[in-house]
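Asker: Submitted below is the structure of interest, expressed as structure tokens.
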Amino acid sequence: MKCGSNAIGIKATTQIILDEIHAVLEKIDENAYGEFISSILAAKNVFVTGQGRSGLVSRTFAMRLTHIGLNAYCVGDATTPNIESGDLLVACSSSGSTHITRYVAGLAKKAQAAVVAVTSHKNSPLAGQADIVIELPVQEVSTNHKDSGSIQFRSTLFEQACLVYLDGVILSLVTRLKSSEGDMHKRHSNLE
């Protein structure tokens with residue numbers, strides 16, 4: 001999209017983005033979603049990882065897990081404890097091929113923790129390492145933007161769909177755990 005007289009307005013642009021996210025989320029697997037919820041509820045601790053914007057999305061998920069009363073950690077933070085059997089790693093990677101994310105998943109498996117891969121490629125190397133695969137079926141943008149599934153560049157649509165999907169998981173967990181807004185507020189950081 002170029003700026004200028006041929007550019008479409010912000011309302012039309014954001015509607016296209018919302019429609020793209022909706023199209024991805026309409027195709028998600030309800031069975032994998034149920035397994036994901038169960039694995040979170042069964043875990044002693046939930047660890048999240050991802051690189052770049054996928055990593056930022058995973059961090060928002062860990063924050064909300066903490067707000068609803070679960071033990072959640074971001075891989076790489078100085079205060080993150082050891083991962084071990086009974087724990088869960090949620091690894092977010094659009095390509096499912098990001099080296100460091102795959103390496104972290106391998107370390108989690110070696111420690112006998114369960115791994116959930118959130119990816120747009122169900123046959124990716126990361127998915128092959130996972131106990132549960134959450135596929136967000138995003139068609140990546142081609143270099144010439146023709147015949148691609150998105151008007152957006154790189155993995156932007158994956159990151160947006162991932163954020164919305166993980167927020168949906170949080171809402172389901174809130175219902176299951178009977179978390180109240182007051183309880184969540186008590187767990188929210190007061191150092192801001």
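Simple scheme: letters A, B, ... for chains in structure tokens order, numbers from 1 for residues in each chain, numbers from 1 for ligands in the order shown.
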Running DSSP on the backbone, which parts of segment 12-184 of chain A land in helix (DSSP H, G or I), as a VMD selection string?
Answerer: chain A and resid 12 to 25 30 to 42 52 to 67 99 to 110 125 to 129 156 to 177 181 to 184
Asker: Sorted by chain and rising residue number, which residues of segment 117-172 of chain A lie within 8 Å of segment 93-99 of chain A, and what are their closest atom pairs and distances in Å to one decimal, counting only C-alpha atoms, as CSV?
Answerer:
```
residue,atom,partner,partner_atom,distance
A:Ala117,CA,A:Ser93,CA,7.6
A:Val118,CA,A:Ser93,CA,6.3
A:Thr119,CA,A:Ser94,CA,4.6
A:Ser120,CA,A:Ser94,CA,5.0
A:His121,CA,A:Ser95,CA,6.1
A:Ser124,CA,A:Gly96,CA,5.1
A:Pro125,CA,A:Ser97,CA,5.9
A:Leu126,CA,A:Gly96,CA,4.8
A:Ala127,CA,A:Gly96,CA,6.6
A:Ser155,CA,A:Ser94,CA,6.5
A:Phe158,CA,A:Ser94,CA,6.1
A:Glu159,CA,A:Ser94,CA,7.6
```
Asker: Taking only C-alpha atoms into account, which of A:Met184, A:Leu163, A:Leu191, A:Ile10 comes nearest Leu65 of chain A?
Answerer: A:Met184
Asker: Just to confirm, what's the straight-line distance from atom CA of Ile40 of chain A to atom CA of Val57 of chain A in Å (one decimal)?
Answerer: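 About the pair atom CA of Ile40 of chain A and atom CA of Val57 of chain A: they are 17.0 Å apart.
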Asker: Can you work out which one of A:Gln51, A:Ser189, A:Gln152, A:Ser58 has the shortest atom-to-atom distance to Val90 of chain A, counting only C-alpha atoms?
Answerer: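 Among the listed residues, A:Ser58 lies closest to Val90 of chain A.
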Asker: Looking at only C-alpha atoms, which of A:Ala43, A:Gly69, A:Lys27, A:Lys11 is the one that sits closest to Ile170 of chain A?
Answerer: A:Gly69
